$ cat final04.cif   # mmCIF, C-alpha atoms
data_protein
loop_
_atom_site.group_PDB
_atom_site.id
_atom_site.type_symbol
_atom_site.label_atom_id
_atom_site.label_comp_id
_atom_site.auth_asym_id
_atom_site.auth_seq_id
_atom_site.Cartn_x
_atom_site.Cartn_y
_atom_site.Cartn_z
ATOM 1 C CA MET A 119 43.050 -52.851 79.276
ATOM 2 C CA GLN A 120 44.955 -55.773 77.838
ATOM 3 C CA TRP A 121 42.506 -58.109 76.126
ATOM 4 C CA ARG A 122 44.336 -61.060 74.658
ATOM 5 C CA ASN A 123 43.503 -63.594 72.005
ATOM 6 C CA SER A 124 41.900 -66.623 73.604
ATOM 7 C CA GLY A 125 44.282 -68.980 71.810
ATOM 8 C CA ASP A 126 41.519 -70.328 69.597
ATOM 9 C CA GLU A 127 42.695 -69.957 65.974
ATOM 10 C CA ASN A 128 39.146 -69.064 64.950
ATOM 11 C CA MET A 129 38.859 -66.189 67.429
ATOM 12 C CA VAL A 130 40.543 -62.960 66.448
ATOM 13 C CA VAL A 131 41.118 -59.427 67.676
ATOM 14 C CA VAL A 132 40.401 -57.087 64.772
ATOM 15 C CA LEU A 133 41.390 -53.503 64.050
ATOM 16 C CA SER A 134 39.285 -52.016 61.254
ATOM 17 C CA LEU A 135 40.578 -48.737 59.839
ATOM 18 C CA PHE A 136 38.274 -46.473 57.793
ATOM 19 C CA ASP A 137 35.613 -48.821 59.122
ATOM 20 C CA GLY A 138 32.586 -47.129 57.561
ATOM 21 C CA ILE A 139 29.455 -49.128 58.362
ATOM 22 C CA SER A 140 31.456 -52.172 59.539
ATOM 23 C CA CYS A 141 31.103 -54.289 56.417
ATOM 24 C CA GLY A 142 34.222 -56.060 57.660
ATOM 25 C CA ARG A 143 32.365 -57.269 60.740
ATOM 26 C CA VAL A 144 29.550 -58.648 58.592
ATOM 27 C CA ALA A 145 32.142 -60.398 56.408
ATOM 28 C CA LEU A 146 33.878 -61.963 59.419
ATOM 29 C CA GLU A 147 30.567 -63.418 60.565
ATOM 30 C CA ARG A 148 29.823 -64.690 57.078
ATOM 31 C CA ALA A 149 33.279 -66.296 56.906
ATOM 32 C CA GLY A 150 32.638 -68.106 60.205
ATOM 33 C CA ILE A 151 35.384 -66.247 62.094
ATOM 34 C CA LYS A 152 34.624 -65.459 65.733
ATOM 35 C CA VAL A 153 35.674 -62.014 66.914
ATOM 36 C CA THR A 154 37.042 -61.521 70.424
ATOM 37 C CA ARG A 155 37.284 -57.736 70.050
ATOM 38 C CA TYR A 156 36.500 -55.495 67.076
ATOM 39 C CA TYR A 157 38.121 -52.057 67.193
ATOM 40 C CA ALA A 158 36.893 -49.552 64.618
ATOM 41 C CA SER A 159 38.387 -46.274 63.448
ATOM 42 C CA GLU A 160 35.841 -44.035 61.712
ATOM 43 C CA ILE A 161 34.895 -40.346 61.816
ATOM 44 C CA ASP A 162 31.622 -40.214 59.845
ATOM 45 C CA SER A 163 28.831 -39.896 62.415
ATOM 46 C CA HIS A 164 26.188 -41.500 60.168
ATOM 47 C CA ALA A 165 28.381 -44.524 59.454
ATOM 48 C CA ILE A 166 29.140 -44.904 63.159
ATOM 49 C CA GLU A 167 25.418 -44.763 63.944
ATOM 50 C CA ILE A 168 24.787 -47.666 61.565
ATOM 51 C CA SER A 169 27.657 -49.676 63.047
ATOM 52 C CA LYS A 170 26.413 -49.155 66.596
ATOM 53 C CA LYS A 171 22.877 -50.163 65.607
ATOM 54 C CA ASN A 172 24.055 -53.478 64.145
ATOM 55 C CA TYR A 173 27.002 -54.181 66.464
ATOM 56 C CA PRO A 174 26.727 -52.459 69.863
ATOM 57 C CA ASP A 175 29.876 -54.242 71.057
ATOM 58 C CA ILE A 176 32.183 -52.544 68.539
ATOM 59 C CA ILE A 177 34.837 -50.404 70.259
ATOM 60 C CA HIS A 178 35.068 -47.084 68.396
ATOM 61 C CA LEU A 179 38.449 -45.358 68.409
ATOM 62 C CA GLY A 180 37.841 -42.201 66.368
ATOM 63 C CA ASP A 181 40.250 -40.649 63.872
ATOM 64 C CA VAL A 182 42.908 -42.964 62.428
ATOM 65 C CA LYS A 183 45.431 -40.124 62.614
ATOM 66 C CA ASN A 184 45.348 -40.519 66.404
ATOM 67 C CA TRP A 185 46.418 -44.171 66.342
ATOM 68 C CA ARG A 186 49.540 -43.442 68.414
ATOM 69 C CA GLU A 187 47.251 -42.694 71.362
ATOM 70 C CA TRP A 188 45.426 -46.021 71.182
ATOM 71 C CA ASP A 189 46.067 -48.526 73.954
ATOM 72 C CA LEU A 190 45.311 -51.799 72.182
ATOM 73 C CA PRO A 191 46.012 -55.470 72.865
ATOM 74 C CA LYS A 192 47.715 -57.819 70.423
ATOM 75 C CA ILE A 193 45.969 -57.367 67.060
ATOM 76 C CA ASP A 194 45.419 -60.459 64.911
ATOM 77 C CA LEU A 195 43.920 -58.797 61.846
ATOM 78 C CA ILE A 196 44.005 -55.259 60.428
ATOM 79 C CA ILE A 197 41.541 -54.475 57.652
ATOM 80 C CA GLY A 198 40.756 -51.280 55.800
ATOM 81 C CA GLY A 199 39.933 -49.540 52.573
ATOM 82 C CA SER A 200 41.645 -46.158 52.742
ATOM 83 C CA PRO A 201 39.825 -43.266 50.991
ATOM 84 C CA CYS A 202 40.161 -43.725 47.250
ATOM 85 C CA GLN A 203 39.217 -40.367 45.729
ATOM 86 C CA GLY A 204 42.809 -39.481 44.871
ATOM 87 C CA PHE A 205 43.486 -42.830 43.220
ATOM 88 C CA SER A 206 40.298 -43.381 41.233
ATOM 89 C CA PHE A 207 40.395 -43.017 37.451
ATOM 90 C CA ALA A 208 36.968 -41.425 37.826
ATOM 91 C CA GLY A 209 38.390 -38.624 39.979
ATOM 92 C CA LYS A 210 41.186 -36.099 39.611
ATOM 93 C CA LYS A 211 43.865 -38.775 40.053
ATOM 94 C CA LEU A 212 45.969 -36.740 42.477
ATOM 95 C CA ASN A 213 47.182 -39.982 44.022
ATOM 96 C CA PHE A 214 49.391 -39.563 47.101
ATOM 97 C CA ASP A 215 49.161 -35.767 46.798
ATOM 98 C CA ASP A 216 45.470 -35.971 47.684
ATOM 99 C CA PRO A 217 45.057 -35.528 51.481
ATOM 100 C CA ARG A 218 42.420 -38.279 51.542
ATOM 101 C CA SER A 219 44.615 -40.809 49.780
ATOM 102 C CA LYS A 220 47.533 -39.901 52.055
ATOM 103 C CA LEU A 221 45.575 -41.691 54.771
ATOM 104 C CA TYR A 222 46.913 -44.893 53.213
ATOM 105 C CA PHE A 223 50.131 -44.148 55.079
ATOM 106 C CA GLU A 224 48.229 -44.306 58.375
ATOM 107 C CA PHE A 225 47.132 -47.838 57.428
ATOM 108 C CA LEU A 226 50.749 -48.712 56.627
ATOM 109 C CA ALA A 227 51.977 -47.230 59.923
ATOM 110 C CA CYS A 228 49.411 -49.262 61.878
ATOM 111 C CA VAL A 229 50.422 -52.494 60.140
ATOM 112 C CA ARG A 230 54.085 -51.815 60.945
ATOM 113 C CA HIS A 231 53.370 -50.814 64.545
ATOM 114 C CA PHE A 232 50.800 -53.412 65.609
ATOM 115 C CA LYS A 233 52.345 -56.232 63.536
ATOM 116 C CA PRO A 234 49.142 -58.244 62.990
ATOM 117 C CA LYS A 235 49.283 -61.821 61.792
ATOM 118 C CA HIS A 236 47.083 -60.874 58.842
ATOM 119 C CA PHE A 237 46.174 -57.657 57.036
ATOM 120 C CA LEU A 238 43.842 -56.682 54.197
ATOM 121 C CA LEU A 239 43.842 -53.421 52.246
ATOM 122 C CA GLU A 240 41.256 -52.620 49.573
ATOM 123 C CA ASN A 241 41.397 -49.836 47.000
ATOM 124 C CA VAL A 242 40.268 -48.832 43.520
ATOM 125 C CA LYS A 243 41.961 -49.434 40.182
ATOM 126 C CA MET A 244 44.886 -47.028 39.904
ATOM 127 C CA ARG A 245 48.039 -46.336 37.972
ATOM 128 C CA GLN A 246 50.650 -49.088 37.926
ATOM 129 C CA ASP A 247 53.374 -46.957 39.528
ATOM 130 C CA PHE A 248 51.237 -46.145 42.568
ATOM 131 C CA ARG A 249 50.110 -49.745 42.802
ATOM 132 C CA ASP A 250 53.774 -50.729 42.881
ATOM 133 C CA ILE A 251 54.468 -48.350 45.776
ATOM 134 C CA ILE A 252 51.765 -49.974 47.901
ATOM 135 C CA SER A 253 52.922 -53.466 46.898
ATOM 136 C CA LYS A 254 56.482 -52.645 47.939
ATOM 137 C CA ASP A 255 55.325 -51.153 51.246
ATOM 138 C CA LEU A 256 53.212 -54.193 52.142
ATOM 139 C CA SER A 257 55.485 -56.805 50.484
ATOM 140 C CA VAL A 258 52.559 -58.378 48.646
ATOM 141 C CA LYS A 259 51.083 -57.965 45.185
ATOM 142 C CA PRO A 260 47.384 -57.134 44.890
ATOM 143 C CA LEU A 261 44.672 -59.325 43.468
ATOM 144 C CA LEU A 262 42.094 -57.604 41.267
ATOM 145 C CA ILE A 263 38.622 -58.963 42.070
ATOM 146 C CA ASN A 264 35.453 -57.672 40.456
ATOM 147 C CA SER A 265 32.433 -57.844 42.746
ATOM 148 C CA ASN A 266 30.388 -58.953 39.738
ATOM 149 C CA LEU A 267 31.665 -62.491 40.363
ATOM 150 C CA LEU A 268 29.700 -62.700 43.617
ATOM 151 C CA SER A 269 27.074 -59.984 43.196
ATOM 152 C CA ALA A 270 25.046 -58.095 40.612
ATOM 153 C CA GLN A 271 27.364 -55.076 40.809
ATOM 154 C CA ASN A 272 30.294 -54.255 38.539
ATOM 155 C CA ARG A 273 32.942 -53.161 41.058
ATOM 156 C CA PRO A 274 36.613 -53.955 40.291
ATOM 157 C CA ARG A 275 38.870 -53.478 43.319
ATOM 158 C CA TYR A 276 42.458 -54.287 44.258
ATOM 159 C CA TYR A 277 43.111 -56.290 47.440
ATOM 160 C CA TRP A 278 46.514 -56.388 49.123
ATOM 161 C CA THR A 279 46.681 -59.132 51.748
ATOM 162 C CA ASN A 280 48.973 -61.766 53.218
ATOM 163 C CA ILE A 281 45.999 -64.098 53.544
ATOM 164 C CA PRO A 282 46.282 -66.909 50.970
ATOM 165 C CA ILE A 283 43.414 -66.469 48.519
ATOM 166 C CA GLU A 284 42.262 -67.553 45.081
ATOM 167 C CA MET A 285 39.938 -65.884 42.611
ATOM 168 C CA PRO A 286 36.317 -66.624 43.558
ATOM 169 C CA ASP A 287 34.093 -68.590 41.214
ATOM 170 C CA ASP A 288 31.603 -66.674 39.121
ATOM 171 C CA LEU A 289 28.160 -67.196 40.656
ATOM 172 C CA ASN A 290 26.445 -65.480 37.696
ATOM 173 C CA VAL A 291 24.344 -63.242 39.933
ATOM 174 C CA GLY A 292 22.018 -60.966 37.964
ATOM 175 C CA LEU A 293 19.985 -57.878 38.724
ATOM 176 C CA ARG A 294 16.840 -59.967 39.140
ATOM 177 C CA SER A 295 18.195 -61.167 42.490
ATOM 178 C CA VAL A 296 18.230 -57.664 43.981
ATOM 179 C CA ILE A 297 15.102 -56.098 42.482
ATOM 180 C CA GLN A 298 12.186 -54.990 44.678
ATOM 181 C CA ARG A 299 8.804 -55.204 43.001
ATOM 182 C CA GLY A 300 6.273 -52.379 43.035
ATOM 183 C CA VAL A 301 8.505 -49.679 44.512
ATOM 184 C CA ALA A 302 7.064 -46.287 45.429
ATOM 185 C CA SER A 303 6.627 -43.668 42.734
ATOM 186 C CA GLU A 304 9.216 -41.463 44.445
ATOM 187 C CA TYR A 305 11.871 -43.649 42.787
ATOM 188 C CA HIS A 306 10.417 -43.377 39.275
ATOM 189 C CA LEU A 307 12.228 -41.363 36.578
ATOM 190 C CA PRO A 308 9.718 -41.230 33.694
ATOM 191 C CA LYS A 309 10.995 -37.976 32.168
ATOM 192 C CA ILE A 310 14.524 -39.258 31.612
ATOM 193 C CA TRP A 311 13.243 -42.563 30.246
ATOM 194 C CA ASP A 312 10.748 -40.919 27.876
ATOM 195 C CA GLU A 313 13.514 -38.716 26.504
ATOM 196 C CA TRP A 314 15.757 -41.738 25.963
ATOM 197 C CA VAL A 315 13.053 -43.769 24.191
ATOM 198 C CA THR A 316 12.284 -40.776 21.960
ATOM 199 C CA LYS A 317 15.943 -40.663 20.897
ATOM 200 C CA ASN A 318 16.078 -44.455 20.435
ATOM 201 C CA PRO A 319 12.657 -45.446 19.032
ATOM 202 C CA ASP A 320 13.842 -48.818 17.696
ATOM 203 C CA PHE A 321 14.960 -50.097 21.094
ATOM 204 C CA ASP A 322 12.941 -53.117 22.232
ATOM 205 C CA VAL A 323 12.495 -53.438 26.002
ATOM 206 C CA ASP A 324 10.550 -56.721 25.855
ATOM 207 C CA GLY A 325 12.405 -59.738 27.184
ATOM 208 C CA GLN A 326 15.354 -57.725 28.446
ATOM 209 C CA LYS A 327 14.162 -56.609 31.896
ATOM 210 C CA PRO A 328 15.635 -55.802 34.313
ATOM 211 C CA PHE A 329 18.657 -53.868 33.064
ATOM 212 C CA ALA A 330 20.763 -50.971 34.272
ATOM 213 C CA MET A 331 21.410 -47.749 32.439
ATOM 214 C CA THR A 332 24.966 -46.493 32.159
ATOM 215 C CA GLU A 333 26.525 -43.255 30.969
ATOM 216 C CA ARG A 334 28.818 -43.699 27.979
ATOM 217 C CA ARG A 335 31.010 -41.130 26.318
ATOM 218 C CA THR A 336 29.877 -39.908 22.932
ATOM 219 C CA GLU A 337 32.237 -39.745 19.981
ATOM 220 C CA GLU A 338 32.211 -35.956 20.302
ATOM 221 C CA SER A 339 33.450 -36.050 23.898
ATOM 222 C CA LYS A 340 36.165 -38.549 22.908
ATOM 223 C CA ARG A 341 37.299 -36.173 20.155
ATOM 224 C CA ILE A 342 37.504 -33.260 22.625
ATOM 225 C CA ARG A 343 39.446 -35.453 25.018
ATOM 226 C CA ARG A 344 41.995 -36.437 22.349
ATOM 227 C CA GLU A 345 42.481 -32.800 21.335
ATOM 228 C CA HIS A 346 43.002 -31.792 24.952
ATOM 229 C CA MET A 347 45.603 -34.524 25.417
ATOM 230 C CA LYS A 348 47.416 -33.474 22.258
ATOM 231 C CA LYS A 349 47.439 -29.787 23.218
ATOM 232 C CA TYR A 350 48.135 -29.977 26.950
ATOM 233 C CA GLY A 351 49.663 -33.421 27.400
ATOM 234 C CA ARG A 352 47.312 -34.393 30.217
ATOM 235 C CA ASP A 353 43.965 -36.051 30.639
ATOM 236 C CA PHE A 354 40.687 -34.487 31.700
ATOM 237 C CA SER A 355 37.099 -35.585 32.162
ATOM 238 C CA PRO A 356 34.598 -33.384 30.297
ATOM 239 C CA ARG A 357 31.289 -33.029 32.093
ATOM 240 C CA ARG A 358 29.351 -32.871 28.844
ATOM 241 C CA GLY A 359 29.255 -35.376 26.021
ATOM 242 C CA LYS A 360 27.813 -38.425 27.800
ATOM 243 C CA GLU A 361 24.713 -40.342 26.863
ATOM 244 C CA LEU A 362 22.650 -43.024 28.568
ATOM 245 C CA TRP A 363 22.619 -46.569 27.249
ATOM 246 C CA PRO A 364 21.449 -49.918 28.653
ATOM 247 C CA ARG A 365 24.018 -52.336 30.054
ATOM 248 C CA SER A 366 23.977 -55.691 28.302
ATOM 249 C CA ASP A 367 25.662 -57.790 31.011
ATOM 250 C CA GLY A 368 22.812 -57.949 33.534
ATOM 251 C CA LYS A 369 24.835 -56.041 36.146
ATOM 252 C CA MET A 370 24.526 -52.692 37.894
ATOM 253 C CA ASN A 371 27.145 -49.958 37.644
ATOM 254 C CA CYS A 372 29.572 -49.514 40.517
ATOM 255 C CA LEU A 373 27.865 -47.875 43.480
ATOM 256 C CA THR A 374 29.554 -44.682 44.608
ATOM 257 C CA ALA A 375 29.301 -42.504 47.699
ATOM 258 C CA THR A 376 28.157 -39.649 45.457
ATOM 259 C CA TYR A 377 24.735 -40.915 44.464
ATOM 260 C CA THR A 378 24.453 -40.336 40.697
ATOM 261 C CA VAL A 379 20.811 -40.982 39.783
ATOM 262 C CA LYS A 380 21.482 -41.763 36.111
ATOM 263 C CA GLU A 381 24.338 -44.118 36.918
ATOM 264 C CA HIS A 382 22.301 -45.825 39.646
ATOM 265 C CA SER A 383 19.143 -46.355 37.597
ATOM 266 C CA LEU A 384 17.467 -49.321 35.929
ATOM 267 C CA VAL A 385 14.447 -50.578 34.045
ATOM 268 C CA ASP A 386 12.854 -53.023 36.480
ATOM 269 C CA GLU A 387 10.781 -56.144 35.869
ATOM 270 C CA ASP A 388 7.615 -54.050 35.728
ATOM 271 C CA GLY A 389 9.079 -51.973 32.897
ATOM 272 C CA VAL A 390 9.460 -48.885 35.110
ATOM 273 C CA TYR A 391 12.547 -46.723 34.684
ATOM 274 C CA ARG A 392 13.681 -45.656 38.143
ATOM 275 C CA LYS A 393 16.546 -45.151 40.544
ATOM 276 C CA LEU A 394 17.686 -47.832 42.956
ATOM 277 C CA THR A 395 16.155 -48.152 46.413
ATOM 278 C CA PRO A 396 18.418 -48.277 49.506
ATOM 279 C CA ILE A 397 17.584 -51.975 49.993
ATOM 280 C CA GLU A 398 18.599 -52.759 46.401
ATOM 281 C CA CYS A 399 21.890 -50.958 47.007
ATOM 282 C CA GLU A 400 22.407 -53.034 50.160
ATOM 283 C CA ARG A 401 21.790 -56.206 48.164
ATOM 284 C CA LEU A 402 24.286 -55.098 45.516
ATOM 285 C CA GLN A 403 26.871 -54.843 48.305
ATOM 286 C CA THR A 404 25.586 -58.205 49.638
ATOM 287 C CA LEU A 405 24.565 -56.571 52.918
ATOM 288 C CA PRO A 406 21.466 -57.697 54.847
ATOM 289 C CA ASP A 407 18.237 -55.893 53.942
ATOM 290 C CA ASN A 408 17.757 -52.672 55.944
ATOM 291 C CA TYR A 409 21.259 -52.897 57.396
ATOM 292 C CA THR A 410 21.581 -49.110 56.976
ATOM 293 C CA GLU A 411 18.043 -48.266 58.067
ATOM 294 C CA GLY A 412 17.772 -45.492 60.647
ATOM 295 C CA ILE A 413 19.451 -42.585 58.849
ATOM 296 C CA SER A 414 18.286 -40.440 55.916
ATOM 297 C CA LYS A 415 18.113 -42.015 52.453
ATOM 298 C CA SER A 416 20.832 -39.739 51.112
ATOM 299 C CA GLN A 417 23.160 -40.805 53.913
ATOM 300 C CA ARG A 418 22.224 -44.456 53.363
ATOM 301 C CA TYR A 419 23.230 -44.196 49.709
ATOM 302 C CA LYS A 420 26.510 -42.545 50.670
ATOM 303 C CA ALA A 421 27.332 -45.086 53.375
ATOM 304 C CA ILE A 422 26.568 -48.058 51.133
ATOM 305 C CA GLY A 423 28.619 -46.644 48.260
ATOM 306 C CA ASN A 424 31.559 -46.147 50.617
ATOM 307 C CA GLY A 425 31.256 -49.718 51.876
ATOM 308 C CA TRP A 426 32.608 -53.075 50.777
ATOM 309 C CA THR A 427 30.984 -55.909 48.861
ATOM 310 C CA VAL A 428 30.654 -58.166 51.897
ATOM 311 C CA ASP A 429 30.787 -61.508 50.072
ATOM 312 C CA VAL A 430 34.108 -60.583 48.419
ATOM 313 C CA ILE A 431 35.647 -59.732 51.800
ATOM 314 C CA ALA A 432 34.213 -62.922 53.330
ATOM 315 C CA HIS A 433 35.757 -64.942 50.491
ATOM 316 C CA ILE A 434 39.162 -63.457 51.274
ATOM 317 C CA LEU A 435 38.849 -63.868 55.043
ATOM 318 C CA ARG A 436 38.018 -67.559 54.688
ATOM 319 C CA GLY A 437 41.695 -68.003 53.842
ATOM 320 C CA ILE A 438 42.629 -67.286 57.478
#
$ encode --input "final04.cif" --output "structure tokens"
Amino acid sequence: MQWRNSGDENMVVVLSLFDGISCGRVALERAGIKVTRYYASEIDSHAIEISKKNYPDIIHLGDVKNWREWDLPKIDLIIGGSPCQGFSFAGKKLNFDDPRSKLYFEFLACVRHFKPKHFLLENVKMRQDFRDIISKDLSVKPLLINSNLLSAQNRPRYYWTNIPIEMPDDLNVGLRSVIQRGVASEYHLPKIWDEWVTKNPDFDVDGQKPFAMTERRTEESKRIRREHMKKYGRDFSPRRGKELWPRSDGKMNCLTATYTVKEHSLVDEDGVYRKLTPIECERLQTLPDNYTEGISKSQRYKAIGNGWTVDVIAHILRGI
């Protein structure tokens, strides 16, 4: 099969690597870019199920490591966010030694082989030296964009692309825009909240709803960390020594694939302390409501956390 671009500058053939739930396809629509063919490489069965539900015409290719076997037409745009666990400051920071982060090199190989007119790579904040390696490979420097400019989620990410882009304007989106009223009691976390209020009796909730709760390191954990650095010359992340505290910026913490209840919790407009609902998580990623409906809640949380903030990607793609 040799599908070709129609010649219309606004119609593109797309190859999406590490496609997840096809946030890239949603972003292309939102950017007003018509897609002739959308090829997707993904191995997570739940993510693929969501993609097929929303976009039955997507052509699924399977594992990115098998890209040499793909018989594809001329590709106009390659997009992808290679697995970030080895790069993230929140993880073990194994970088290119982590087998998941090594998949970046499959993205690089595809860009070099298919030679698209445009490409876009997204990844987490990472050490400067590893950022420089990617920049040298792709011959572009990354732009750091925090999703909090266009959404109610604090999510700083690096974007390497040859699409001309500028920093988006701050839309000042707050948590109030994503909150569902009167959610089911299954989302309520009264025990954790009662314990927190007991420890902080002077805290005044009135006039400050809604707000997210975040885990912050205590002075004791910082002291242990400094001693560990001094003794062993390397960093570590102690599991103990964190405490909950309200965010003061009106944003939610960064959503992750590993659904951490305390990190993904808030005091809503009804004064109830609870975890986020799947729809609220979709709104934080600027996805349509119930986009991930059809799989279990735990898999919805995972899929959304692994996804992109759609409006950020759409902002970038508008530069095409």
$ resolve_selection --input "final04.cif" --expression "the PyMOL selection byres ((chain A and resi 405) around 10)" --output "PyMOL selection string"
chain A and resi 141+144-145+397-404+406-410+422+425-429
$ atom_distance --input "final04.cif" --atom1 "CA of Ile177 (chain A)" --atom2 "CA of Gln417 (chain A)"
22.3 Å
$ closest_residue --input "final04.cif" --among "A:His236, A:Lys393, A:Ser140, A:Ala165" --to "Lys420 (chain A)" --atoms "all atoms listed in the file"
A:Ala165
$ resolve_selection --input "final04.cif" --expression "the PyMOL selection byres ((chain A and resi 256) around 9)" --output "ChimeraX atom specification"
/A:226,229,251-255,257-259,278-280
$ write_last_selection --input "final04.cif" --atoms "C-alpha atoms" --output "PDB file, in the frame of the given file"
ATOM      1  CA  LEU A 226      50.749 -48.712  56.627  1.00  0.00           C
ATOM      2  CA  VAL A 229      50.422 -52.494  60.140  1.00  0.00           C
ATOM      3  CA  ILE A 251      54.468 -48.350  45.776  1.00  0.00           C
ATOM      4  CA  ILE A 252      51.765 -49.974  47.901  1.00  0.00           C
ATOM      5  CA  SER A 253      52.922 -53.466  46.898  1.00  0.00           C
ATOM      6  CA  LYS A 254      56.482 -52.645  47.939  1.00  0.00           C
ATOM      7  CA  ASP A 255      55.325 -51.153  51.246  1.00  0.00           C
ATOM      8  CA  SER A 257      55.485 -56.805  50.484  1.00  0.00           C
ATOM      9  CA  VAL A 258      52.559 -58.378  48.646  1.00  0.00           C
ATOM     10  CA  LYS A 259      51.083 -57.965  45.185  1.00  0.00           C
ATOM     11  CA  TRP A 278      46.514 -56.388  49.123  1.00  0.00           C
ATOM     12  CA  THR A 279      46.681 -59.132  51.748  1.00  0.00           C
ATOM     13  CA  ASN A 280      48.973 -61.766  53.218  1.00  0.00           C
TER      14      ASN A 280
END
$ atom_distance --input "final04.cif" --atom1 "CA of Asn241 (chain A)" --atom2 "CA of Tyr276 (chain A)"
5.3 Å
$ resolve_selection --input "final04.cif" --expression "the PyMOL selection byres ((chain A and resi 246) around 12)" --output "mmCIF file with C-alpha atoms, in the coordinates of the input"
data_model
loop_
_atom_site.group_PDB
_atom_site.id
_atom_site.type_symbol
_atom_site.label_atom_id
_atom_site.label_comp_id
_atom_site.auth_asym_id
_atom_site.auth_seq_id
_atom_site.Cartn_x
_atom_site.Cartn_y
_atom_site.Cartn_z
ATOM 1 C CA PHE A 205 43.486 -42.830 43.220
ATOM 2 C CA PHE A 207 40.395 -43.017 37.451
ATOM 3 C CA ASN A 213 47.182 -39.982 44.022
ATOM 4 C CA VAL A 242 40.268 -48.832 43.520
ATOM 5 C CA LYS A 243 41.961 -49.434 40.182
ATOM 6 C CA MET A 244 44.886 -47.028 39.904
ATOM 7 C CA ARG A 245 48.039 -46.336 37.972
ATOM 8 C CA ASP A 247 53.374 -46.957 39.528
ATOM 9 C CA PHE A 248 51.237 -46.145 42.568
ATOM 10 C CA ARG A 249 50.110 -49.745 42.802
ATOM 11 C CA ASP A 250 53.774 -50.729 42.881
ATOM 12 C CA ILE A 251 54.468 -48.350 45.776
ATOM 13 C CA ILE A 252 51.765 -49.974 47.901
ATOM 14 C CA SER A 253 52.922 -53.466 46.898
ATOM 15 C CA LYS A 259 51.083 -57.965 45.185
ATOM 16 C CA PRO A 260 47.384 -57.134 44.890
ATOM 17 C CA TYR A 276 42.458 -54.287 44.258
#
$ residues_near_point --input "final04.cif" --point "(27.3, -48.5, 40.6)" --cutoff "7 Å" --atoms "all atoms listed in the file" --output "PDB file with C-alpha atoms, keeping the file's coordinate frame"
ATOM      1  CA  GLN A 271      27.364 -55.076  40.809  1.00  0.00           C
ATOM      2  CA  ASN A 272      30.294 -54.255  38.539  1.00  0.00           C
ATOM      3  CA  MET A 370      24.526 -52.692  37.894  1.00  0.00           C
ATOM      4  CA  ASN A 371      27.145 -49.958  37.644  1.00  0.00           C
ATOM      5  CA  CYS A 372      29.572 -49.514  40.517  1.00  0.00           C
ATOM      6  CA  LEU A 373      27.865 -47.875  43.480  1.00  0.00           C
ATOM      7  CA  THR A 374      29.554 -44.682  44.608  1.00  0.00           C
ATOM      8  CA  GLU A 381      24.338 -44.118  36.918  1.00  0.00           C
ATOM      9  CA  HIS A 382      22.301 -45.825  39.646  1.00  0.00           C
TER      10      HIS A 382
END
$ closest_residue --input "final04.cif" --among "A:Ile139, A:Leu190, A:Val182, A:Ala375" --to "Lys170 (chain A)" --atoms "only C-alpha atoms"
A:Ile139
$ atom_distance --input "final04.cif" --atom1 "CA of Ile310 (chain A)" --atom2 "CA of Ala330 (chain A)"
13.5 Å
$ residues_around --input "final04.cif" --residues "region 283-295 of chain A" --least-positions-apart "5" --cutoff "9 Å" --atoms "only C-alpha atoms" --output "list of chain:residue names"
A:Leu261, A:Leu262, A:Ile263, A:Asn266, A:Leu267, A:Leu268, A:Ser269, A:Ala270, A:Gln271, A:Lys327, A:Pro328, A:Phe329, A:Ala330, A:Asp367, A:Gly368, A:Lys369, A:Met370, A:Asp386, A:Glu387, A:Arg401, A:Leu402, A:Val430, A:His433, A:Ile434, A:Leu435, A:Arg436, A:Gly437
$ decode --input "final04.cif" --residues "region 180-186 of chain A" --atoms "N, CA, C and O atoms" --output "short mmCIF file (atom, residue, chain, number, x, y, z; two decimals), in the first residue's frame"
data_model
loop_
_atom_site.label_atom_id
_atom_site.label_comp_id
_atom_site.auth_asym_id
_atom_site.auth_seq_id
_atom_site.Cartn_x
_atom_site.Cartn_y
_atom_site.Cartn_z
N GLY A 180 1.71 -1.81 16.17
CA GLY A 180 2.35 -2.65 17.16
C GLY A 180 3.62 -2.04 17.74
O GLY A 180 3.76 -0.83 17.83
N ASP A 181 4.55 -2.89 18.11
CA ASP A 181 5.77 -2.51 18.83
C ASP A 181 6.68 -1.64 17.97
O ASP A 181 6.99 -1.98 16.82
N VAL A 182 7.13 -0.53 18.53
CA VAL A 182 8.02 0.39 17.81
C VAL A 182 9.33 -0.28 17.43
O VAL A 182 9.99 0.11 16.45
N LYS A 183 9.74 -1.28 18.20
CA LYS A 183 11.01 -1.96 17.89
C LYS A 183 10.96 -2.74 16.59
O LYS A 183 11.99 -3.16 16.08
N ASN A 184 9.76 -2.90 16.04
CA ASN A 184 9.60 -3.61 14.76
C ASN A 184 9.44 -2.66 13.58
O ASN A 184 8.94 -3.05 12.53
N TRP A 185 9.86 -1.41 13.74
CA TRP A 185 9.60 -0.40 12.71
C TRP A 185 10.23 -0.74 11.36
O TRP A 185 9.74 -0.33 10.31
N ARG A 186 11.29 -1.52 11.37
CA ARG A 186 11.95 -1.90 10.11
C ARG A 186 11.06 -2.77 9.23
O ARG A 186 11.30 -2.90 8.02
#
